[in-house]
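work.cif, holding mmCIF, C-alpha atoms:
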```cif
data_start
loop_
_atom_site.label_atom_id
_atom_site.label_comp_id
_atom_site.auth_asym_id
_atom_site.auth_seq_id
_atom_site.Cartn_x
_atom_site.Cartn_y
_atom_site.Cartn_z
CA MET A 63 96.11 -47.61 -31.72
CA PHE A 64 94.86 -45.31 -29.01
CA SER A 65 98.37 -43.90 -28.73
CA LEU A 66 97.22 -42.04 -31.84
CA LEU A 67 95.09 -39.95 -29.54
CA ARG A 68 96.98 -36.85 -28.57
CA TYR A 69 96.57 -33.93 -26.21
CA ARG A 70 95.94 -30.56 -27.80
CA ASP A 71 99.66 -29.64 -27.53
CA GLY A 72 100.49 -32.63 -29.72
CA THR A 73 102.04 -34.88 -27.08
CA LYS A 74 100.96 -38.48 -27.14
CA VAL A 75 98.81 -39.68 -24.31
CA PRO A 76 100.38 -42.54 -22.33
CA ARG A 77 98.30 -45.72 -22.32
CA SER A 78 100.18 -47.45 -19.56
CA ARG A 79 97.53 -46.93 -16.89
CA LYS A 80 95.96 -50.23 -15.99
CA VAL A 81 92.24 -50.51 -15.48
CA LYS A 82 91.39 -51.17 -11.86
CA MET A 83 89.23 -54.26 -11.72
CA THR A 84 85.94 -54.12 -9.93
CA THR A 85 83.36 -56.88 -9.85
CA MET A 86 81.50 -55.13 -12.66
CA GLN A 87 84.56 -54.73 -14.82
CA THR A 88 85.64 -58.34 -14.27
CA LYS A 89 82.35 -59.46 -15.70
CA LEU A 90 82.59 -57.12 -18.67
CA ILE A 91 86.30 -57.11 -19.28
CA THR A 92 86.28 -55.22 -22.57
CA ALA A 93 84.34 -52.22 -21.21
CA VAL A 94 85.87 -49.22 -19.45
CA ASN A 95 83.55 -46.50 -18.16
CA GLY A 96 80.69 -48.41 -19.74
CA VAL A 97 82.28 -47.97 -23.19
CA ASP A 98 82.85 -51.17 -25.18
CA LEU A 99 86.57 -51.07 -25.99
CA THR A 100 86.36 -53.75 -28.69
CA ARG A 101 83.73 -51.78 -30.58
CA LEU A 102 85.55 -48.48 -29.96
CA THR A 103 88.69 -50.03 -31.48
CA GLU A 104 86.68 -51.34 -34.43
CA THR A 105 85.11 -47.90 -34.95
CA VAL A 106 88.47 -46.16 -34.94
CA GLU A 107 89.97 -48.74 -37.32
CA ALA A 108 86.96 -48.47 -39.65
CA VAL A 109 87.16 -44.67 -39.76
CA LYS A 110 90.90 -44.86 -40.45
CA ALA A 111 90.40 -47.43 -43.22
CA ALA A 112 87.57 -45.79 -45.16
CA SER A 113 87.25 -42.02 -45.39
CA VAL A 114 83.46 -42.02 -45.90
CA LEU A 115 82.95 -43.60 -42.48
CA ASP A 116 83.96 -40.41 -40.71
CA ARG A 117 81.04 -38.40 -42.10
CA PHE A 118 78.08 -38.00 -39.77
CA LYS A 119 74.98 -35.86 -40.26
CA PHE A 120 72.71 -35.19 -37.29
CA ARG A 121 69.21 -33.83 -37.73
CA ILE A 122 66.18 -32.60 -35.84
CA GLN A 123 62.72 -31.39 -36.87
CA ASN A 124 61.21 -28.67 -34.72
CA ARG A 125 57.58 -27.54 -34.56
CA TRP A 126 56.19 -24.47 -32.83
CA ILE A 127 53.36 -25.25 -30.38
CA GLY A 128 52.50 -21.68 -29.33
CA GLY A 129 54.05 -18.79 -27.41
CA GLY A 130 57.47 -19.85 -26.13
CA GLN A 131 56.78 -23.57 -26.53
CA ASN A 132 58.11 -25.78 -29.30
CA ARG A 133 59.15 -29.40 -29.75
CA SER A 134 61.87 -31.24 -31.64
CA LYS A 135 61.72 -34.78 -32.99
CA VAL A 136 64.95 -36.71 -33.38
CA GLN A 137 65.23 -40.01 -35.19
CA GLN A 138 67.13 -40.19 -38.52
CA PHE A 139 70.82 -39.51 -38.84
CA SER A 140 73.61 -40.41 -41.22
CA ALA A 141 76.55 -42.39 -39.84
CA GLY A 142 79.59 -43.09 -41.99
CA GLY A 143 77.73 -42.01 -45.10
CA LYS A 144 74.86 -44.41 -44.37
CA GLU A 145 71.31 -43.47 -43.33
CA THR A 146 70.36 -44.94 -39.97
CA GLN A 147 68.12 -44.05 -37.04
CA HIS A 148 67.66 -44.04 -33.28
CA MET A 149 65.82 -47.06 -31.86
CA THR A 150 62.83 -44.82 -31.11
CA GLU A 151 61.76 -41.34 -32.12
CA LEU A 152 63.05 -39.01 -29.41
CA THR A 153 61.19 -35.87 -28.36
CA LEU A 154 62.80 -32.73 -26.94
CA GLU A 155 60.61 -30.05 -25.39
CA ALA A 156 61.38 -26.35 -25.10
CA ASP A 157 59.46 -23.62 -23.34
CA GLU A 158 60.14 -20.44 -21.37
CA PRO A 159 59.57 -19.94 -17.65
CA ASP A 160 56.72 -17.69 -16.53
CA VAL A 161 59.04 -14.69 -16.03
CA LEU A 162 59.88 -14.96 -19.75
CA LEU A 163 56.18 -15.29 -20.63
CA GLY A 164 56.14 -19.03 -21.25
CA THR A 165 54.16 -21.90 -19.78
CA ASP A 166 57.27 -23.54 -18.25
CA VAL A 167 56.71 -27.10 -19.45
CA GLY A 168 60.30 -27.49 -20.63
CA ALA A 169 63.80 -26.09 -20.26
CA ASN A 170 64.39 -23.01 -22.38
CA PRO A 171 66.68 -22.85 -25.42
CA VAL A 172 69.69 -21.39 -23.60
CA GLU A 173 69.37 -24.07 -20.90
CA HIS A 174 69.29 -26.73 -23.63
CA LEU A 175 72.51 -25.19 -24.96
CA LEU A 176 74.15 -25.72 -21.54
CA HIS A 177 72.88 -29.33 -21.46
CA ALA A 178 74.35 -29.97 -24.92
CA LEU A 179 77.68 -28.61 -23.68
CA ALA A 180 77.72 -30.54 -20.38
CA SER A 181 76.68 -33.83 -21.96
CA CYS A 182 79.24 -33.56 -24.76
CA VAL A 183 82.15 -32.63 -22.48
CA THR A 184 81.27 -35.55 -20.16
CA THR A 185 80.86 -38.14 -22.93
CA SER A 186 84.01 -36.97 -24.71
CA MET A 187 86.02 -37.32 -21.50
CA VAL A 188 84.52 -40.73 -20.65
CA TYR A 189 85.16 -42.17 -24.14
CA HIS A 190 88.70 -40.83 -24.42
CA ALA A 191 89.49 -41.99 -20.89
CA ALA A 192 88.15 -45.46 -21.82
CA ALA A 193 90.42 -45.51 -24.88
CA ARG A 194 93.36 -44.86 -22.53
CA GLY A 195 92.20 -47.49 -20.04
CA ILE A 196 91.47 -44.88 -17.36
CA ALA A 197 88.54 -45.91 -15.16
CA ILE A 198 86.31 -43.04 -14.03
CA LYS A 199 84.04 -43.54 -11.03
CA GLN A 200 81.93 -40.41 -11.08
CA VAL A 201 81.49 -37.22 -13.13
CA GLU A 202 79.35 -34.22 -12.29
CA SER A 203 79.27 -30.76 -13.79
CA SER A 204 77.61 -27.44 -13.06
CA LEU A 205 77.21 -24.92 -15.82
CA GLU A 206 76.17 -21.30 -15.69
CA GLY A 207 75.76 -18.84 -18.55
CA ASP A 208 75.39 -15.06 -18.29
CA LEU A 209 72.87 -13.36 -20.54
CA ASP A 210 72.03 -9.68 -20.90
CA LEU A 211 68.36 -9.51 -21.89
CA ARG A 212 68.87 -6.14 -23.59
CA GLY A 213 70.55 -8.05 -26.42
CA PHE A 214 67.58 -10.32 -27.06
CA LEU A 215 65.09 -7.47 -26.65
CA GLY A 216 67.00 -5.32 -29.11
CA LEU A 217 67.23 -2.47 -26.58
CA ALA A 218 70.99 -1.94 -26.83
CA PRO A 219 72.66 -2.50 -30.22
CA ASN A 220 76.10 -2.87 -28.61
CA VAL A 221 74.96 -5.68 -26.30
CA ARG A 222 75.38 -9.13 -27.84
CA LYS A 223 72.40 -11.49 -27.91
CA ARG A 224 74.55 -14.51 -27.06
CA TYR A 225 75.75 -15.71 -23.68
CA GLN A 226 78.46 -13.32 -22.55
CA GLN A 227 80.35 -16.23 -21.01
CA ILE A 228 79.75 -19.79 -19.83
CA HIS A 229 81.30 -21.23 -16.67
CA LEU A 230 81.77 -25.01 -16.56
CA LYS A 231 82.71 -26.66 -13.26
CA LEU A 232 83.74 -30.28 -13.62
CA ARG A 233 83.94 -32.68 -10.67
CA ILE A 234 85.56 -36.08 -11.17
CA LYS A 235 86.12 -39.15 -9.03
CA ALA A 236 88.93 -41.44 -10.21
CA ASP A 237 91.98 -43.16 -8.69
CA VAL A 238 94.50 -40.88 -10.35
CA THR A 239 97.17 -38.36 -9.28
CA ASP A 240 96.39 -34.63 -9.34
CA GLN A 241 98.28 -34.21 -12.62
CA GLU A 242 96.41 -37.16 -14.12
CA LEU A 243 93.12 -35.62 -12.95
CA ARG A 244 93.96 -32.39 -14.78
CA ASP A 245 94.90 -34.35 -17.91
CA LEU A 246 91.67 -36.34 -17.62
CA ALA A 247 89.59 -33.16 -17.21
CA SER A 248 91.19 -31.66 -20.32
CA LEU A 249 89.96 -34.53 -22.52
CA GLY A 250 86.37 -33.19 -22.50
CA PRO A 251 87.10 -29.64 -23.69
CA ASN A 252 89.84 -30.93 -26.04
CA PHE A 253 87.70 -33.46 -27.92
CA SER A 254 84.07 -32.38 -27.45
CA PRO A 255 82.31 -31.36 -30.70
CA VAL A 256 79.81 -29.18 -28.78
CA PHE A 257 82.57 -27.47 -26.75
CA ASP A 258 84.43 -26.69 -29.97
CA SER A 259 81.18 -25.58 -31.68
CA ILE A 260 80.29 -23.12 -28.93
CA ALA A 261 83.82 -21.96 -28.09
CA LYS A 262 84.82 -21.27 -31.70
CA GLY A 263 81.50 -20.90 -33.52
CA VAL A 264 79.98 -22.75 -36.48
CA PRO A 265 78.77 -21.31 -39.80
CA ILE A 266 74.95 -21.51 -39.94
CA SER A 267 73.10 -21.29 -43.25
CA VAL A 268 69.44 -20.25 -43.08
CA SER A 269 66.80 -20.76 -45.75
CA THR A 270 63.12 -19.87 -45.54
CA GLU A 271 60.01 -21.29 -47.19
CA ARG A 272 56.37 -20.37 -46.92
CA ILE A 273 53.93 -23.00 -45.71
CA ALA A 274 51.01 -22.74 -48.12
CA MET B 118 57.94 1.20 -27.68
CA PHE B 119 58.48 -1.75 -29.96
CA SER B 120 59.60 0.65 -32.65
CA LEU B 121 62.81 0.52 -30.59
CA LEU B 122 63.33 -2.93 -32.05
CA ARG B 123 65.50 -2.72 -35.10
CA TYR B 124 66.72 -5.01 -37.85
CA ARG B 125 70.39 -5.90 -37.83
CA ASP B 126 71.15 -3.16 -40.38
CA GLY B 127 69.82 -0.55 -37.96
CA THR B 128 66.56 0.25 -39.73
CA LYS B 129 63.50 0.50 -37.56
CA VAL B 130 60.93 -2.21 -37.93
CA PRO B 131 57.52 -0.88 -38.99
CA ARG B 132 54.79 -1.59 -36.49
CA SER B 133 51.92 -0.67 -38.72
CA ARG B 134 50.82 -4.25 -39.43
CA LYS B 135 47.49 -4.91 -37.86
CA VAL B 136 46.83 -8.19 -36.16
CA LYS B 137 44.35 -10.29 -38.08
CA MET B 138 41.60 -11.26 -35.75
CA THR B 139 40.68 -14.88 -35.44
CA THR B 140 38.19 -16.31 -32.99
CA MET B 141 41.06 -17.24 -30.72
CA GLN B 142 42.65 -13.81 -30.85
CA THR B 143 39.37 -12.03 -30.25
CA LYS B 144 39.01 -13.93 -27.00
CA LEU B 145 42.59 -13.16 -25.94
CA ILE B 146 43.07 -9.72 -27.36
CA THR B 147 46.37 -8.91 -25.63
CA ALA B 148 48.15 -12.01 -26.88
CA VAL B 149 49.82 -12.40 -30.27
CA ASN B 150 51.37 -15.77 -31.16
CA GLY B 151 50.54 -16.89 -27.64
CA VAL B 152 52.80 -14.18 -26.19
CA ASP B 153 51.16 -11.85 -23.66
CA LEU B 154 51.75 -8.37 -25.10
CA THR B 155 50.93 -6.56 -21.87
CA ARG B 156 53.54 -8.53 -19.98
CA LEU B 157 56.03 -8.26 -22.84
CA THR B 158 55.61 -4.49 -22.76
CA GLU B 159 56.04 -4.46 -18.97
CA THR B 160 59.19 -6.58 -19.27
CA VAL B 161 60.72 -4.29 -21.86
CA GLU B 162 59.86 -1.21 -19.80
CA ALA B 163 61.27 -2.78 -16.63
CA VAL B 164 64.54 -3.71 -18.34
CA LYS B 165 64.83 -0.20 -19.77
CA ALA B 166 64.16 1.40 -16.38
CA ALA B 167 66.50 -0.63 -14.17
CA SER B 168 69.78 -1.95 -15.49
CA VAL B 169 69.96 -4.90 -13.07
CA LEU B 170 66.79 -6.36 -14.59
CA ASP B 171 68.58 -7.26 -17.80
CA ARG B 172 70.93 -9.73 -16.11
CA PHE B 173 69.97 -13.37 -16.39
CA LYS B 174 71.97 -16.42 -15.33
CA PHE B 175 70.89 -19.85 -16.54
CA ARG B 176 72.20 -23.04 -14.98
CA ILE B 177 72.15 -26.81 -15.25
CA GLN B 178 73.65 -29.63 -13.18
CA ASN B 179 74.78 -32.70 -15.12
CA ARG B 180 75.58 -36.17 -13.81
CA TRP B 181 77.21 -39.06 -15.67
CA ILE B 182 75.16 -42.28 -15.58
CA GLY B 183 77.61 -44.55 -17.43
CA GLY B 184 79.05 -44.96 -20.94
CA GLY B 185 77.56 -42.31 -23.21
CA GLN B 186 74.61 -41.59 -20.92
CA ASN B 187 74.25 -38.58 -18.65
CA ARG B 188 71.45 -36.42 -17.31
CA SER B 189 70.96 -32.72 -16.55
CA LYS B 190 68.71 -31.19 -13.94
CA VAL B 191 67.35 -27.69 -14.53
CA GLN B 192 65.52 -25.66 -11.93
CA GLN B 193 67.20 -22.55 -10.48
CA PHE B 194 68.02 -19.48 -12.52
CA SER B 195 68.60 -15.81 -11.90
CA ALA B 196 66.26 -13.31 -13.57
CA GLY B 197 66.89 -9.60 -13.34
CA GLY B 198 69.43 -10.12 -10.57
CA LYS B 199 66.94 -12.16 -8.51
CA GLU B 200 67.09 -15.89 -7.80
CA THR B 201 64.05 -17.74 -9.05
CA GLN B 202 63.17 -21.19 -10.36
CA HIS B 203 61.18 -23.23 -12.82
CA MET B 204 57.82 -24.52 -11.53
CA THR B 205 59.25 -28.04 -11.48
CA GLU B 206 62.71 -29.54 -11.71
CA LEU B 207 63.25 -30.36 -15.37
CA THR B 208 65.29 -33.35 -16.51
CA LEU B 209 67.21 -33.56 -19.79
CA GLU B 210 68.62 -36.91 -20.93
CA ALA B 211 71.61 -37.49 -23.17
CA ASP B 212 72.93 -40.73 -24.62
CA GLU B 213 74.56 -41.97 -27.81
CA PRO B 214 72.96 -44.25 -30.41
CA ASP B 215 74.22 -47.83 -30.71
CA VAL B 216 76.54 -47.00 -33.61
CA LEU B 217 78.31 -44.57 -31.27
CA LEU B 218 78.45 -47.20 -28.50
CA GLY B 219 75.62 -45.85 -26.37
CA THR B 220 72.34 -47.29 -25.11
CA ASP B 221 70.21 -44.85 -27.16
CA VAL B 222 67.84 -43.72 -24.41
CA GLY B 223 68.24 -40.02 -25.30
CA ALA B 224 69.28 -37.66 -28.07
CA ASN B 225 73.04 -37.16 -28.23
CA PRO B 226 74.85 -33.92 -27.33
CA VAL B 227 75.17 -32.63 -30.90
CA GLU B 228 71.45 -33.29 -31.49
CA HIS B 229 70.67 -31.33 -28.30
CA LEU B 230 72.74 -28.49 -29.74
CA LEU B 231 70.50 -28.47 -32.86
CA HIS B 232 67.39 -28.48 -30.63
CA ALA B 233 68.74 -25.51 -28.64
CA LEU B 234 69.29 -23.65 -31.91
CA ALA B 235 65.90 -24.51 -33.45
CA SER B 236 63.96 -23.70 -30.30
CA CYS B 237 65.72 -20.37 -29.78
CA VAL B 238 65.36 -19.21 -33.39
CA THR B 239 61.64 -20.11 -33.30
CA THR B 240 60.92 -18.45 -29.95
CA SER B 241 62.93 -15.34 -30.86
CA MET B 242 60.97 -14.96 -34.10
CA VAL B 243 57.61 -15.59 -32.40
CA TYR B 244 58.27 -13.05 -29.59
CA HIS B 245 59.63 -10.35 -31.88
CA ALA B 246 56.78 -10.90 -34.32
CA ALA B 247 54.33 -10.57 -31.42
CA ALA B 248 55.97 -7.29 -30.41
CA ARG B 249 55.35 -6.04 -33.97
CA GLY B 250 51.76 -7.31 -33.99
CA ILE B 251 52.50 -9.92 -36.68
CA ALA B 252 50.39 -13.05 -36.22
CA ILE B 253 52.15 -16.29 -37.13
CA LYS B 254 50.08 -19.39 -37.84
CA GLN B 255 52.70 -22.10 -38.05
CA VAL B 256 56.48 -22.52 -37.75
CA GLU B 257 58.52 -25.60 -38.53
CA SER B 258 62.24 -26.03 -38.93
CA SER B 259 64.61 -28.78 -40.04
CA LEU B 260 68.21 -28.65 -38.94
CA GLU B 261 71.17 -30.68 -40.08
CA GLY B 262 74.76 -30.50 -38.89
CA ASP B 263 77.80 -32.08 -40.55
CA LEU B 264 80.38 -33.72 -38.32
CA ASP B 265 83.66 -35.39 -39.26
CA LEU B 266 84.25 -38.10 -36.65
CA ARG B 267 88.03 -37.96 -37.19
CA GLY B 268 87.98 -34.69 -35.21
CA PHE B 269 86.33 -36.23 -32.17
CA LEU B 270 88.46 -39.38 -32.38
CA GLY B 271 91.65 -37.32 -32.57
CA LEU B 272 92.69 -39.11 -35.78
CA ALA B 273 93.34 -35.98 -37.83
CA PRO B 274 94.73 -32.91 -36.04
CA ASN B 275 93.63 -30.61 -38.87
CA VAL B 276 89.98 -31.74 -38.70
CA ARG B 277 87.91 -29.67 -36.29
CA LYS B 278 85.90 -31.44 -33.61
CA ARG B 279 82.94 -29.09 -34.06
CA TYR B 280 80.13 -29.19 -36.59
CA GLN B 281 81.61 -28.12 -39.89
CA GLN B 282 78.37 -26.33 -40.71
CA ILE B 283 74.73 -26.27 -39.68
CA HIS B 284 71.87 -25.92 -42.16
CA LEU B 285 68.63 -24.43 -40.82
CA LYS B 286 65.49 -24.61 -42.97
CA LEU B 287 62.64 -22.51 -41.67
CA ARG B 288 59.04 -22.92 -42.85
CA ILE B 289 56.50 -20.31 -41.86
CA LYS B 290 52.77 -19.84 -42.35
CA ALA B 291 51.53 -16.25 -41.98
CA ASP B 292 49.33 -13.85 -43.94
CA VAL B 293 52.18 -11.64 -45.11
CA THR B 294 53.81 -10.65 -48.42
CA ASP B 295 56.97 -12.41 -49.60
CA GLN B 296 59.13 -9.49 -48.44
CA GLU B 297 57.39 -9.51 -45.05
CA LEU B 298 57.98 -13.27 -44.82
CA ARG B 299 61.72 -12.73 -45.36
CA ASP B 300 61.76 -9.96 -42.74
CA LEU B 301 59.84 -12.21 -40.35
CA ALA B 302 62.26 -15.10 -40.94
CA SER B 303 65.22 -12.83 -40.22
CA LEU B 304 63.95 -12.04 -36.72
CA GLY B 305 65.00 -15.45 -35.37
CA PRO B 306 68.65 -15.40 -36.47
CA ASN B 307 68.86 -11.65 -35.69
CA PHE B 308 67.68 -11.88 -32.08
CA SER B 309 68.27 -15.47 -30.95
CA PRO B 310 70.83 -15.83 -28.11
CA VAL B 311 71.59 -19.44 -29.12
CA PHE B 312 72.01 -18.53 -32.81
CA ASP B 313 74.43 -15.77 -31.83
CA SER B 314 76.22 -18.09 -29.35
CA ILE B 315 76.80 -20.81 -31.96
CA ALA B 316 77.41 -18.54 -34.95
CA LYS B 317 79.93 -16.32 -33.18
CA GLY B 318 81.15 -18.42 -30.27
CA VAL B 319 81.14 -17.85 -26.50
CA PRO B 320 84.12 -17.83 -24.11
CA ILE B 321 83.90 -20.93 -21.87
CA SER B 322 85.82 -21.10 -18.60
CA VAL B 323 86.52 -24.59 -17.22
CA SER B 324 87.49 -25.49 -13.66
CA THR B 325 88.03 -28.96 -12.24
CA GLU B 326 87.65 -30.44 -8.77
CA ARG B 327 88.22 -33.89 -7.42
CA ILE B 328 85.28 -35.69 -5.81
CA ALA B 329 86.75 -37.21 -2.64
#
```
Target encoding structure tokens, full file:
Amino acid sequence: MFSLLRYRDGTKVPRSRKVKMTTMQTKLITAVNGVDLTRLTETVEAVKAASVLDRFKFRIQNRWIGGGQNRSKVQQFSAGGKETQHMTELTLEADEPDVLLGTDVGANPVEHLLHALASCVTTSMVYHAAARGIAIKQVESSLEGDLDLRGFLGLAPNVRKRYQQIHLKLRIKADVTDQELRDLASLGPNFSPVFDSIAKGVPISVSTERIA
Amino acid sequence: MFSLLRYRDGTKVPRSRKVKMTTMQTKLITAVNGVDLTRLTETVEAVKAASVLDRFKFRIQNRWIGGGQNRSKVQQFSAGGKETQHMTELTLEADEPDVLLGTDVGANPVEHLLHALASCVTTSMVYHAAARGIAIKQVESSLEGDLDLRGFLGLAPNVRKRYQQIHLKLRIKADVTDQELRDLASLGPNFSPVFDSIAKGVPISVSTERIA
């Protein structure tokens, strides 16, 4: 089934690579890269069999604390058309550093954006590698985004508010050839929802209500 | 100076609104919405006076833990062409919920993306409102993003991996007219770097190295 997974150019991805057995993997034979292959197969088959199962809705609720500080709560989401939730309510903090007039108790919004990108590229690569039976030993990434503050401050109408560009450096340890390493590295950008969201943009609808 | 700040359509934003004094604000007369107006003014003046001061670089380092779990460290950044850092090293966790084969110890990458968006829209509105002397009492937002898992799984080449759309509901408490509330609400989307990044997209460069 995983031969259904294709590279961006449409070529099928070979699944001939055998998983190298380590003590850990011998114990947990159906997991590659910590991803349960039996459940991954079941998920793919379920999504293929019933169209509603492909629909996910993710949600957060954010609350302003003061100044540059605010906090998001994450718990409910919709998976395959069914309401479900995280095991616990998760809390995400945001603040600005002192130089941007905050109290520096959390990463700032544009740093959170880089974290979303890094985490999604890594997980996408790890899952798709697992589906191909490619064992990964280590993944690290460094991300940097360039911002011109004149955009945010509204001082120069021709300067965009957004990051001008983002640089993503990926470092991978795996027993693969150089060509296979490049193919492996391409899985993240090719399949990551956050990479695609940031690289190509997403329509955002905004509505406003007054709190009485 | 804040009359330099303009709405997206180019009209100047009136700065005539007087800050309503509360006990809190009387004590801290130079702060509006918890944002230090003296320092905000100094920052704007500094950026206007020296072009290098507008250049910021934000960075994270991410490391895969296993399966769908990974972790980012945030500390160094470059502000106005000068290397600086957060007071402490900040840690951001990412994982997937059980239904997506993770161990559910953190929000997932697409939820982090929503947090980045919510936090940036809120902070951008709060800072720009402060610059205009508009006191905000409360801000909450609910975000929801729609994802079709067939994109991520590579099951349907015509289905995008990214969020198909994001809905942002903003709730604000402030002593303003309905028109002023709409103008206030527009400040976030109009000035937020993350909103602009996601709505319009950012070029992402990717490089790969092997870990020996």
Run the PyMOL selection byres ((chain B and resi 307-323) around 9) mentally over the shown coordinates, then write out the matched residues as a ChimeraX atom specification, using the chain letters and numbers from the document.
-> /A:171-172,175,209,213-216,222-232,251,257-266 /B:124-125,230,233-242,245,303-306,324-325
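The shortest atom-to-atom distance to Val106 (chain A), with all atoms listed in the file taken into account, belongs to B:Leu218 out of B:Val276, B:Val149, B:Leu218, B:Ala247.
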Shell of 12 Å around Val216 (chain B), all atoms listed in the file, local chain residues under 4 positions omitted, as a PyMOL selection string | (chain A and resi 97-98+101-102+104-105+115+118+139-142+144-149) or (chain B and resi 185+212+220-221+225)
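Put simply, CA of Ile182 (chain B) is 26.1 Å away from CA of Asp265 (chain B).
Closest approach to chain A among B:Ala273, B:Leu217, B:Ala248, B:Val256: B:Val256, based on all atoms listed in the file.
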Go through B:Glu297, B:Thr158, B:Ala246, B:Gly223 one by one, measure the shortest atom-to-atom distance of each to chain A using only C-alpha atoms, and give the residue with the smallest value.
->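 Counting only C-alpha atoms, the residue closest to chain A is B:Gly223.
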Calculate how many Å separate CA of Asn150 (chain B) from CA of Gly129 (chain A), rounding to one decimal.
-> 5.5 Å
Just how far from CA of Leu211 (chain A) is CA of Lys135 (chain A), in Å to one decimal?
->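 CA of Lys135 (chain A) sits 28.4 Å away from CA of Leu211 (chain A).
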To verify the selection step, state as a short mmCIF file (atom, residue, chain, number, x, y, z; two decimals) with C-alpha atoms, in the coordinates of the input which residues the PyMOL selection byres ((chain B and resi 176) around 9) yields on this input.
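Result file is selection_37.cif:
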```
data_model
loop_
_atom_site.label_atom_id
_atom_site.label_comp_id
_atom_site.auth_asym_id
_atom_site.auth_seq_id
_atom_site.Cartn_x
_atom_site.Cartn_y
_atom_site.Cartn_z
CA GLU A 173 69.37 -24.07 -20.90
CA LEU A 176 74.15 -25.72 -21.54
CA SER A 204 77.61 -27.44 -13.06
CA LEU A 205 77.21 -24.92 -15.82
CA GLU A 206 76.17 -21.30 -15.69
CA GLY A 207 75.76 -18.84 -18.55
CA LYS B 174 71.97 -16.42 -15.33
CA PHE B 175 70.89 -19.85 -16.54
CA ILE B 177 72.15 -26.81 -15.25
CA GLN B 178 73.65 -29.63 -13.18
CA LYS B 190 68.71 -31.19 -13.94
CA VAL B 191 67.35 -27.69 -14.53
CA GLN B 192 65.52 -25.66 -11.93
CA GLN B 193 67.20 -22.55 -10.48
CA PHE B 194 68.02 -19.48 -12.52
CA SER B 195 68.60 -15.81 -11.90
#
```
Name the closest residue to Leu217 (chain A) among the candidates B:Leu154, B:Ala166, B:Ile253, B:Ala291; distances are taken between atoms, counting all atoms listed in the file.
-> B:Ala166
Selection result for the PyMOL selection byres ((chain A and resi 153) around 8) on this file, as a list in words =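 Applied to this file, the PyMOL selection byres ((chain A and resi 153) around 8) selects Arg133, Ser134, Lys135, Val136, Glu151, Leu152, Leu154 and Glu155 of chain A.
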From the list B:Thr205, B:Thr155, B:Ser258, B:Thr147, which residue is nearest chain A when using all atoms listed in the file?
->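 When distances to chain A are compared using all atoms listed in the file, the smallest one comes from B:Ser258.
Using only C-alpha atoms, the smallest distance between any of B:Glu257, B:Asp215, B:Glu162, B:Asp300 and chain A comes from B:Glu257.
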Export: region 115-126 of chain A, N, CA and C atoms, as a PDB file, in the first residue's frame:
```pdb
ATOM      1  N   LEU A 115     -13.275  10.057   6.816  1.00  0.00           N
ATOM      2  CA  LEU A 115     -12.166   9.855   7.744  1.00  0.00           C
ATOM      3  C   LEU A 115     -10.944  10.728   7.438  1.00  0.00           C
ATOM      4  N   ASP A 116     -10.936  11.364   6.279  1.00  0.00           N
ATOM      5  CA  ASP A 116      -9.789  12.204   5.957  1.00  0.00           C
ATOM      6  C   ASP A 116      -9.932  13.619   6.493  1.00  0.00           C
ATOM      7  N   ARG A 117     -11.099  13.957   7.041  1.00  0.00           N
ATOM      8  CA  ARG A 117     -11.355  15.341   7.455  1.00  0.00           C
ATOM      9  C   ARG A 117     -10.952  15.573   8.902  1.00  0.00           C
ATOM     10  N   PHE A 118      -9.985  16.432   9.095  1.00  0.00           N
ATOM     11  CA  PHE A 118      -9.543  16.807  10.437  1.00  0.00           C
ATOM     12  C   PHE A 118      -9.771  18.296  10.637  1.00  0.00           C
ATOM     13  N   LYS A 119     -10.143  18.666  11.868  1.00  0.00           N
ATOM     14  CA  LYS A 119     -10.237  20.078  12.234  1.00  0.00           C
ATOM     15  C   LYS A 119      -9.418  20.266  13.497  1.00  0.00           C
ATOM     16  N   PHE A 120      -8.439  21.152  13.443  1.00  0.00           N
ATOM     17  CA  PHE A 120      -7.641  21.447  14.638  1.00  0.00           C
ATOM     18  C   PHE A 120      -8.028  22.822  15.155  1.00  0.00           C
ATOM     19  N   ARG A 121      -7.960  22.962  16.483  1.00  0.00           N
ATOM     20  CA  ARG A 121      -8.469  24.185  17.111  1.00  0.00           C
ATOM     21  C   ARG A 121      -7.591  24.627  18.277  1.00  0.00           C
ATOM     22  N   ILE A 122      -7.569  25.914  18.508  1.00  0.00           N
ATOM     23  CA  ILE A 122      -6.975  26.457  19.735  1.00  0.00           C
ATOM     24  C   ILE A 122      -7.851  27.604  20.219  1.00  0.00           C
ATOM     25  N   GLN A 123      -7.752  27.881  21.525  1.00  0.00           N
ATOM     26  CA  GLN A 123      -8.397  29.069  22.105  1.00  0.00           C
ATOM     27  C   GLN A 123      -7.301  29.911  22.742  1.00  0.00           C
ATOM     28  N   ASN A 124      -7.221  31.158  22.326  1.00  0.00           N
ATOM     29  CA  ASN A 124      -6.165  32.035  22.834  1.00  0.00           C
ATOM     30  C   ASN A 124      -6.761  33.139  23.698  1.00  0.00           C
ATOM     31  N   ARG A 125      -6.002  33.537  24.728  1.00  0.00           N
ATOM     32  CA  ARG A 125      -6.472  34.577  25.649  1.00  0.00           C
ATOM     33  C   ARG A 125      -5.316  35.526  25.938  1.00  0.00           C
ATOM     34  N   TRP A 126      -5.566  36.805  25.777  1.00  0.00           N
ATOM     35  CA  TRP A 126      -4.567  37.831  26.045  1.00  0.00           C
ATOM     36  C   TRP A 126      -4.360  37.964  27.546  1.00  0.00           C
TER      37      TRP A 126
END
```
